[in-house]
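One file, data_25.txt, is given below (compact mmCIF, C-alpha atoms).
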# COMPACT_ATOMS: atom_id res chain seq x y z
CA MET A 71 -109.12 -54.29 38.33
CA LYS A 72 -108.56 -55.62 41.82
CA LYS A 73 -105.40 -56.18 43.86
CA ILE A 74 -105.01 -57.68 47.33
CA VAL A 75 -101.78 -57.05 49.23
CA ARG A 76 -100.88 -58.61 52.55
CA SER A 77 -98.36 -56.95 54.87
CA PRO A 78 -97.33 -58.32 58.30
CA GLY A 79 -96.62 -56.41 61.48
CA SER A 80 -93.31 -56.49 63.27
CA ALA A 81 -91.98 -56.63 66.83
CA THR A 82 -89.13 -54.68 68.33
CA ILE A 83 -85.63 -55.84 69.10
CA ILE A 84 -84.18 -52.30 69.39
CA ASN A 85 -86.40 -49.22 69.52
CA ALA A 86 -84.72 -46.58 67.34
CA ILE A 87 -86.07 -43.50 69.11
CA ALA A 88 -83.14 -43.17 71.55
CA THR A 89 -80.30 -43.47 69.02
CA GLY A 90 -81.67 -43.53 65.48
CA PHE A 91 -80.59 -47.15 65.08
CA GLY A 92 -83.15 -49.95 65.34
CA SER A 93 -83.95 -53.60 64.87
CA ALA A 94 -87.20 -55.51 64.37
CA PHE A 95 -88.57 -58.81 63.08
CA GLY A 96 -91.69 -59.73 61.15
CA ILE A 97 -94.61 -61.41 62.92
CA ASP A 98 -97.42 -63.43 61.38
CA LEU A 99 -100.21 -60.97 62.16
CA ASP A 100 -101.10 -58.83 59.18
CA ILE A 101 -103.09 -56.18 57.38
CA LYS A 102 -104.61 -56.88 53.98
CA CYS A 103 -105.39 -54.07 51.55
CA ILE A 104 -108.08 -54.76 48.95
CA ALA A 105 -107.78 -52.18 46.18
CA LYS A 106 -110.25 -51.79 43.29
CA THR A 107 -110.35 -49.32 40.42
CA ILE A 108 -113.21 -46.82 40.32
CA ASN A 109 -114.02 -43.95 37.97
CA GLU A 110 -112.52 -41.20 40.11
CA GLY A 111 -111.21 -40.23 43.54
CA ILE A 112 -109.74 -42.10 46.51
CA ILE A 113 -112.19 -43.88 48.82
CA CYS A 114 -110.84 -45.47 52.01
CA PHE A 115 -112.34 -47.79 54.63
CA ASN A 116 -110.84 -49.95 57.36
CA ASP A 117 -112.41 -52.63 59.51
CA VAL A 118 -111.09 -51.26 62.82
CA GLY A 119 -112.74 -47.84 62.73
CA ALA A 120 -109.45 -45.94 62.60
CA ASP A 121 -108.95 -42.55 60.99
CA VAL A 122 -108.41 -42.99 57.23
CA GLY A 123 -106.05 -40.02 56.88
CA LEU A 124 -102.93 -42.19 56.58
CA MET A 125 -104.62 -44.43 54.01
CA GLU A 126 -105.59 -41.42 51.90
CA LEU A 127 -102.12 -39.92 52.19
CA CYS A 128 -100.42 -43.15 51.08
CA ALA A 129 -102.67 -43.42 48.04
CA GLN A 130 -102.27 -39.74 47.16
CA LYS A 131 -98.48 -40.03 47.21
CA VAL A 132 -98.67 -42.85 44.66
CA PHE A 133 -101.06 -40.81 42.48
CA ASP A 134 -98.67 -37.85 42.66
CA TYR A 135 -95.65 -40.02 41.82
CA TYR A 136 -97.34 -41.26 38.64
CA ASN A 137 -98.98 -37.87 37.93
CA ILE A 138 -102.44 -39.41 37.94
CA ASP A 139 -105.44 -37.05 38.10
CA LYS A 140 -108.02 -38.20 40.66
CA SER A 141 -110.79 -36.66 38.57
CA GLU A 142 -109.98 -39.09 35.76
CA PHE A 143 -109.12 -42.27 37.67
CA GLY A 144 -109.72 -43.59 41.16
CA VAL A 145 -109.23 -46.38 43.68
CA ASP A 146 -111.40 -47.85 46.39
CA LEU A 147 -109.28 -49.10 49.30
CA LYS A 148 -110.32 -51.34 52.16
CA THR A 149 -108.04 -52.78 54.84
CA GLU A 150 -108.75 -55.88 56.92
CA SER A 151 -106.57 -56.53 59.96
CA ASN A 152 -105.80 -59.11 62.62
CA LEU A 153 -102.91 -56.90 63.75
CA PRO A 154 -103.74 -54.87 66.88
CA MET A 155 -103.59 -51.09 66.39
CA ALA A 156 -101.52 -48.63 68.46
CA SER A 157 -99.82 -51.48 70.29
CA GLY A 158 -96.18 -51.30 69.21
CA LEU A 159 -96.59 -53.99 66.53
CA SER A 160 -96.09 -51.72 63.49
CA SER A 161 -99.71 -51.53 62.37
CA SER A 162 -99.03 -48.15 60.70
CA SER A 163 -96.02 -49.50 58.79
CA ALA A 164 -97.92 -52.61 57.71
CA SER A 165 -100.90 -50.56 56.54
CA SER A 166 -98.76 -48.02 54.69
CA ASN A 167 -96.71 -50.72 52.96
CA ALA A 168 -99.83 -52.60 51.87
CA ILE A 169 -101.61 -49.53 50.54
CA VAL A 170 -98.64 -48.07 48.65
CA LYS A 171 -97.86 -51.46 47.09
CA ALA A 172 -101.49 -52.11 46.14
CA VAL A 173 -102.09 -48.68 44.60
CA SER A 174 -98.75 -48.73 42.79
CA SER A 175 -99.53 -52.16 41.36
CA ILE A 176 -102.96 -51.10 40.15
CA ILE A 177 -101.76 -47.86 38.55
CA SER A 178 -98.70 -49.43 36.92
CA ASP A 179 -100.86 -52.21 35.42
CA GLU A 180 -103.68 -49.89 34.38
CA PHE A 181 -101.43 -47.36 32.63
CA ASN A 182 -98.61 -49.72 31.58
CA LEU A 183 -96.09 -47.92 33.82
CA LYS A 184 -93.12 -49.23 35.78
CA PRO A 185 -94.19 -50.43 39.25
CA LEU A 186 -92.43 -49.07 42.30
CA ASP A 187 -89.53 -51.23 43.44
CA ASP A 188 -89.34 -52.51 47.03
CA LEU A 189 -87.41 -49.60 48.52
CA GLU A 190 -89.51 -47.05 46.63
CA VAL A 191 -92.63 -48.58 48.21
CA ILE A 192 -91.02 -48.54 51.67
CA ASN A 193 -89.73 -44.97 51.41
CA MET A 194 -93.05 -43.65 50.12
CA ALA A 195 -94.87 -45.44 52.95
CA ILE A 196 -92.42 -43.99 55.51
CA ASP A 197 -92.82 -40.47 54.09
CA ALA A 198 -96.58 -40.78 54.41
CA SER A 199 -96.29 -42.06 58.00
CA LEU A 200 -93.98 -39.17 58.96
CA GLU A 201 -96.31 -36.65 57.36
CA ALA A 202 -99.28 -38.19 59.17
CA GLY A 203 -97.40 -38.00 62.49
CA VAL A 204 -97.81 -41.70 63.34
CA THR A 205 -94.05 -42.27 63.75
CA ILE A 206 -91.19 -40.38 65.38
CA THR A 207 -88.13 -41.83 63.61
CA GLY A 208 -89.73 -42.85 60.31
CA SER A 209 -89.55 -46.47 61.52
CA PHE A 210 -87.31 -47.78 58.74
CA ASP A 211 -86.69 -50.82 60.96
CA ASP A 212 -90.41 -51.54 61.44
CA ALA A 213 -91.26 -50.77 57.81
CA THR A 214 -88.58 -53.06 56.39
CA ALA A 215 -89.24 -55.90 58.85
CA SER A 216 -92.88 -55.66 57.78
CA TYR A 217 -92.06 -55.46 54.07
CA PHE A 218 -89.37 -58.14 53.82
CA GLY A 219 -90.16 -60.29 56.85
CA GLY A 220 -87.33 -61.82 58.86
CA VAL A 221 -85.07 -59.69 61.01
CA VAL A 222 -83.50 -56.33 60.19
CA VAL A 223 -80.94 -54.13 61.92
CA THR A 224 -81.04 -50.61 60.51
CA ASP A 225 -79.74 -47.07 60.44
CA ASN A 226 -83.09 -45.29 60.54
CA LYS A 227 -81.71 -41.79 59.97
CA ASN A 228 -80.14 -42.76 56.66
CA ARG A 229 -82.65 -45.52 55.86
CA GLU A 230 -79.92 -48.13 55.41
CA PHE A 231 -79.60 -51.81 56.32
CA ILE A 232 -76.91 -53.13 58.64
CA ILE A 233 -78.38 -56.66 58.68
CA LYS A 234 -81.31 -58.15 56.75
CA GLU A 235 -81.88 -61.91 57.03
CA ASN A 236 -84.44 -64.61 57.71
CA MET A 237 -85.08 -65.68 61.28
CA GLU A 238 -85.94 -69.10 62.68
CA GLU A 239 -89.74 -69.30 62.89
CA TYR A 240 -90.11 -69.43 66.66
CA PRO A 241 -93.56 -69.24 68.24
CA ILE A 242 -94.37 -65.71 69.41
CA LEU A 243 -96.69 -64.75 72.25
CA VAL A 244 -98.02 -61.20 72.40
CA TYR A 245 -99.48 -59.78 75.60
CA MET A 246 -101.95 -56.98 74.85
CA PRO A 247 -103.12 -54.88 77.81
CA ASN A 248 -106.51 -53.21 77.71
CA PHE A 249 -105.18 -49.85 76.51
CA TYR A 250 -103.35 -48.39 73.53
CA SER A 251 -100.19 -46.34 73.13
CA LYS A 252 -99.63 -44.36 69.93
CA SER A 253 -95.98 -44.02 68.86
CA GLY A 254 -96.43 -40.45 67.65
CA ASP A 255 -97.62 -39.38 71.11
CA SER A 256 -94.56 -40.67 72.98
CA ASN A 257 -92.03 -38.44 74.77
CA SER A 258 -88.99 -38.77 72.51
CA GLU A 259 -86.78 -36.52 74.65
CA ARG A 260 -87.27 -38.77 77.67
CA MET A 261 -86.39 -41.83 75.58
CA LYS A 262 -83.23 -40.21 74.22
CA LEU A 263 -81.87 -40.14 77.80
CA LEU A 264 -81.46 -43.90 77.33
CA ALA A 265 -79.07 -43.55 74.39
CA PRO A 266 -75.85 -44.82 76.07
CA LEU A 267 -77.62 -47.91 77.43
CA VAL A 268 -79.57 -48.60 74.24
CA GLU A 269 -76.26 -48.46 72.34
CA THR A 270 -75.14 -51.47 74.40
CA ALA A 271 -78.30 -53.35 73.42
CA PHE A 272 -77.75 -52.33 69.80
CA GLU A 273 -74.26 -53.83 69.84
CA PHE A 274 -75.86 -57.16 70.75
CA ALA A 275 -78.18 -56.83 67.73
CA CYS A 276 -75.28 -55.97 65.40
CA ASN A 277 -73.58 -59.15 66.60
CA LYS A 278 -76.81 -61.08 65.85
CA ASP A 279 -77.39 -61.71 69.55
CA TYR A 280 -80.99 -60.70 69.02
CA PHE A 281 -82.43 -62.23 72.19
CA LYS A 282 -80.10 -60.36 74.56
CA ALA A 283 -80.77 -57.17 72.58
CA LEU A 284 -84.54 -57.61 72.87
CA ASN A 285 -84.39 -58.33 76.60
CA LEU A 286 -82.23 -55.31 77.42
CA ASN A 287 -84.09 -52.93 75.11
CA GLY A 288 -87.42 -54.03 76.58
CA LEU A 289 -86.33 -53.41 80.16
CA LEU A 290 -84.88 -49.99 79.33
CA TYR A 291 -87.92 -48.68 77.47
CA SER A 292 -90.38 -50.21 79.96
CA ALA A 293 -88.71 -48.29 82.78
CA THR A 294 -88.63 -45.04 80.82
CA LEU A 295 -92.19 -45.23 79.49
CA GLY A 296 -93.77 -46.47 82.72
CA PHE A 297 -94.71 -50.00 81.62
CA ASN A 298 -94.57 -52.96 83.99
CA SER A 299 -91.31 -54.80 83.24
CA SER A 300 -92.52 -57.73 85.38
CA ILE A 301 -94.57 -58.81 82.35
CA ALA A 302 -91.37 -59.55 80.43
CA ILE A 303 -89.57 -60.99 83.45
CA ASP A 304 -92.49 -63.34 84.20
CA ALA A 305 -92.25 -64.63 80.62
CA LEU A 306 -88.49 -65.19 80.95
CA GLU A 307 -89.00 -66.97 84.26
CA SER A 308 -91.56 -69.21 82.54
CA GLY A 309 -89.13 -70.28 79.82
CA ALA A 310 -89.28 -67.54 77.16
CA ILE A 311 -86.14 -67.28 75.04
CA ALA A 312 -86.55 -63.50 75.03
CA ALA A 313 -89.24 -61.03 76.09
CA GLY A 314 -89.74 -57.30 76.14
CA LEU A 315 -91.82 -54.25 75.31
CA SER A 316 -92.47 -53.82 71.60
CA GLY A 317 -92.13 -50.33 70.15
CA THR A 318 -93.39 -47.75 72.61
CA GLY A 319 -95.95 -50.22 73.92
CA SER A 320 -98.43 -51.20 74.93
CA SER A 321 -97.75 -54.80 73.89
CA PHE A 322 -95.10 -57.15 75.20
CA VAL A 323 -93.66 -59.87 72.99
CA ALA A 324 -92.16 -63.18 74.07
CA ILE A 325 -90.14 -65.45 71.78
CA SER A 326 -90.83 -69.00 72.93
CA SER A 327 -90.13 -72.64 72.31
CA GLU A 328 -93.17 -74.87 71.80
CA ASP A 329 -92.62 -76.38 75.25
CA ALA A 330 -92.84 -73.04 77.10
CA ILE A 331 -95.98 -71.61 75.47
CA ASP A 332 -98.47 -72.77 78.11
CA ASP A 333 -96.24 -71.71 81.01
CA ILE A 334 -95.81 -68.22 79.57
CA LYS A 335 -99.54 -67.88 78.98
CA TYR A 336 -100.19 -68.98 82.55
CA SER A 337 -97.72 -66.42 83.91
CA TRP A 338 -99.58 -63.67 82.07
CA ASN A 339 -103.03 -64.71 83.30
CA LYS A 340 -102.73 -62.39 86.30
CA TYR A 341 -102.56 -59.32 84.03
CA ASP A 342 -105.67 -57.77 82.47
CA GLY A 343 -105.53 -58.10 78.74
CA THR A 344 -105.29 -60.59 75.88
CA VAL A 345 -102.61 -63.07 74.82
CA ILE A 346 -102.17 -63.76 71.09
CA LYS A 347 -100.14 -66.69 69.75
CA THR A 348 -98.40 -66.21 66.41
CA LYS A 349 -94.95 -66.85 64.94
CA ILE A 350 -92.05 -65.11 63.25
CA ASP A 351 -92.83 -64.12 59.67
CA ASN A 352 -90.23 -64.47 56.91
CA VAL A 353 -92.64 -63.83 54.01
CA GLY A 354 -93.22 -60.09 54.22
CA CYS A 355 -95.41 -57.89 52.03
CA LYS A 356 -96.89 -59.76 49.05
CA ILE A 357 -99.53 -59.39 46.35
CA LEU A 358 -101.98 -62.26 46.91
Encoding of this model in structure tokens:
Amino acid sequence: MKKIVRSPGSATIINAIATGFGSAFGIDLDIKCIAKTINEGIICFNDVGADVGLMELCAQKVFDYYNIDKSEFGVDLKTESNLPMASGLSSSSASSNAIVKAVSSIISDEFNLKPLDDLEVINMAIDASLEAGVTITGSFDDATASYFGGVVVTDNKNREFIIKENMEEYPILVYMPNFYSKSGDSNSERMKLLAPLVETAFEFACNKDYFKALNLNGLLYSATLGFNSSIAIDALESGAIAAGLSGTGSSFVAISSEDAIDDIKYSWNKYDGTVIKTKIDNVGCKIL
């Protein structure tokens, strides 16, 4: 048996590290998990050369949930990605969602068991990410924006939605500098100093003023984490609807109109790195 699951990344509106409340939206860059049944064990491979510990942990949690013995049944997992790693675009959430959904689907079909529902997949993926140390807050905002697509506003501590809805499919430009920044390595105590200011940005998000929220959040976290906020301001000056740091970096995201794309790209030419054009994703995590 073979299953292929596609899961998109997401970009930040509100980083939840300061307050425990976050907001994110799906982007049309994704990770695909190709899962096949084998006689025994869990075999993992990814096309970006990353550690496979999180992949193994996600699969093992599904095996444990269904009480499946690895010596009697197994899966071969491979992920293929056009979503940059360790860049603030929720690659860990996308990978975890895809793997948990793929392995759950295979096991439930193979043994005629009930498949995991959407929130069971998400919560199992979050638990694996926390255990692997690739997230600080559990990233319920990132995980759900990846899984459902569209935009979410969330209470990450209690893993609850405040808002979950589709978003107009604006063009998105992503600026990727030539270095990475892992979320689990970030200084959470320093970011929590921002809490009163991030709360103001979060109020914008709760009122569905997502662009103001993204702009303010991006400036606050850029200053605290030592990223160059001029990258976002250059994009705004060039016609971006909103722009800011995504996650804990290192990428910056600009929401654009079609008319402003070339001007934003031009404004970013002076920075070392890569610019990726994509769009908002409202599809989410799906079995292909």
Subject >> Ser157 (chain A) surroundings by all atoms listed in the file, 8 Å radius, close-in-sequence under 2 positions cut, as a list of chain:residue names >> reply: A:Pro154, A:Met155, A:Leu159, A:Ser160, A:Ser161, A:Met246, A:Tyr250, A:Ser251, A:Lys252, A:Ser316, A:Gly317, A:Thr318, A:Gly319, A:Ser320, A:Ser321
Subject >> Two-atom distance - CA of Leu289 (chain A), CA of Gly354 (chain A) (Å) >> reply: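 Result for CA of Leu289 (chain A) versus CA of Gly354 (chain A): 27.7 Å, one decimal.
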**OP:** Considering all atoms listed in the file, return as an NGL selection string whatever protein or nucleic-acid residues lie within 6 Å of Val145 (chain A), sequence-local ones (same chain, fewer than 2 positions apart) excluded.
**Re:** :A and (106-108 or 112)
Original post:
Looking at only C-alpha atoms, which of A:Met71, A:Ala283, A:Ile176, A:Cys103 is the one that sits closest to Cys355 (chain A)?
Top reply: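 Residue with the minimum atom-to-atom distance to Cys355 (chain A): A:Cys103.
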Original post:
Of the residues A:Lys335, A:Arg229, A:Arg260, A:Lys171, which is the one nearest to Leu290 (chain A), using only C-alpha atoms?
Top reply: A:Arg260
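Of the residues under consideration (A:Leu306, A:Leu124, A:Val223, A:Val132), A:Leu124 shows the shortest atom-to-atom contact distance to Val204 (chain A) when counting all atoms listed in the file.
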Just need the box for region 147-152 of chain A, edges along x, y and z, holding every atom the file lists for it with 4 Å tacked onto each side, so centre and edge lengths in Å to one decimal, as JSON.
{"center_x": -108.1, "center_y": -54.1, "center_z": 56.0, "size_x": 12.5, "size_y": 18.0, "size_z": 21.3}
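Shortest atom-to-atom contact with Glu235 (chain A) among A:Arg76, A:Lys278, A:Lys347, A:Lys102: A:Lys278, counting only C-alpha atoms.
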Original post:
With distances taken over only C-alpha atoms, which of A:Ile346, A:Ala313, A:Leu153, A:Ile331 is nearest to Asp100 (chain A)?
Top reply: A:Leu153
Original post:
Taking into account all atoms listed in the file, which residue in the set A:Phe210, A:Tyr240, A:Phe143, A:Phe231 is nearest to Asn352 (chain A)?
Top reply: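 Of A:Phe210, A:Tyr240, A:Phe143, A:Phe231, the one nearest Asn352 (chain A) is A:Tyr240, counting all atoms listed in the file.
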**OP:** Would you list the residues near (-90.1, -45.3, 60.4) (no more than 8 Å away, in the coordinates of the file, using all atoms listed in the file) as a list in words?
**Re:** Ser163, Ile196, Ser199, Leu200, Thr205, Ile206, Thr207, Gly208, Ser209, Phe210, Asp211, Asp212, Ala213 and Asn226 of chain A
**OP:** With a distance cut-off of 12 Å and all atoms listed in the file, select the neighbouring residues of Asp333 (chain A), excluding the residue or stretch itself and same-chain residues fewer than 2 positions from it, and output the selection as a PyMOL selection string.
**Re:** chain A and resi 243+304-310+324+326-331+335-339
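Every protein or nucleic acid residue with an atom no more than 8 Å from Leu315 (chain A), counting only C-alpha atoms and leaving out same-chain residues fewer than 5 positions away, appears here: A:Thr82, A:Asn287, A:Gly288, A:Leu289, A:Tyr291, A:Ser292, A:Ser299, A:Ala302, A:Ser320, A:Ser321, A:Phe322, A:Val323.
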Subject >> CA of Val221 (chain A) to CA of Pro78 (chain A), distance in Å rounded to a single decimal >> reply: 12.6 Å
Original post:
Quick one, how far is CA of Ala275 (chain A) from CA of Val222 (chain A)?
Top reply: 9.2 Å
Original post:
Can you list, as a list of chain:residue names, every protein, DNA or RNA residue that comes within 12 Å of Asp279 (chain A) when you count all atoms listed in the file, leaving out same-chain residues fewer than 6 positions away?
Top reply: A:Ile83, A:Ile84, A:Ser93, A:Val221, A:Val223, A:Met237, A:Thr270, A:Ala271, A:Phe272, A:Glu273, A:Asn285, A:Leu286, A:Ile311, A:Ala312
**OP:** May I have the residues at most 9 Å from (-97.2, -43.0, 53.8) in the file's coordinates, counting only C-alpha atoms, as a ChimeraX atom specification?
**Re:** /A:124-131,162-163,165-167,169-170,192-202
Store the residues of this selection in a file with C-alpha atoms, as a PDB file, in the coordinates of the input.
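Just written: out-v5.pdb:
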ATOM      1  CA  LEU A 124    -102.930 -42.190  56.580  1.00  0.00           C
ATOM      2  CA  MET A 125    -104.620 -44.430  54.010  1.00  0.00           C
ATOM      3  CA  GLU A 126    -105.590 -41.420  51.900  1.00  0.00           C
ATOM      4  CA  LEU A 127    -102.120 -39.920  52.190  1.00  0.00           C
ATOM      5  CA  CYS A 128    -100.420 -43.150  51.080  1.00  0.00           C
ATOM      6  CA  ALA A 129    -102.670 -43.420  48.040  1.00  0.00           C
ATOM      7  CA  GLN A 130    -102.270 -39.740  47.160  1.00  0.00           C
ATOM      8  CA  LYS A 131     -98.480 -40.030  47.210  1.00  0.00           C
ATOM      9  CA  SER A 162     -99.030 -48.150  60.700  1.00  0.00           C
ATOM     10  CA  SER A 163     -96.020 -49.500  58.790  1.00  0.00           C
ATOM     11  CA  SER A 165    -100.900 -50.560  56.540  1.00  0.00           C
ATOM     12  CA  SER A 166     -98.760 -48.020  54.690  1.00  0.00           C
ATOM     13  CA  ASN A 167     -96.710 -50.720  52.960  1.00  0.00           C
ATOM     14  CA  ILE A 169    -101.610 -49.530  50.540  1.00  0.00           C
ATOM     15  CA  VAL A 170     -98.640 -48.070  48.650  1.00  0.00           C
ATOM     16  CA  ILE A 192     -91.020 -48.540  51.670  1.00  0.00           C
ATOM     17  CA  ASN A 193     -89.730 -44.970  51.410  1.00  0.00           C
ATOM     18  CA  MET A 194     -93.050 -43.650  50.120  1.00  0.00           C
ATOM     19  CA  ALA A 195     -94.870 -45.440  52.950  1.00  0.00           C
ATOM     20  CA  ILE A 196     -92.420 -43.990  55.510  1.00  0.00           C
ATOM     21  CA  ASP A 197     -92.820 -40.470  54.090  1.00  0.00           C
ATOM     22  CA  ALA A 198     -96.580 -40.780  54.410  1.00  0.00           C
ATOM     23  CA  SER A 199     -96.290 -42.060  58.000  1.00  0.00           C
ATOM     24  CA  LEU A 200     -93.980 -39.170  58.960  1.00  0.00           C
ATOM     25  CA  GLU A 201     -96.310 -36.650  57.360  1.00  0.00           C
ATOM     26  CA  ALA A 202     -99.280 -38.190  59.170  1.00  0.00           C
TER      27      ALA A 202
END
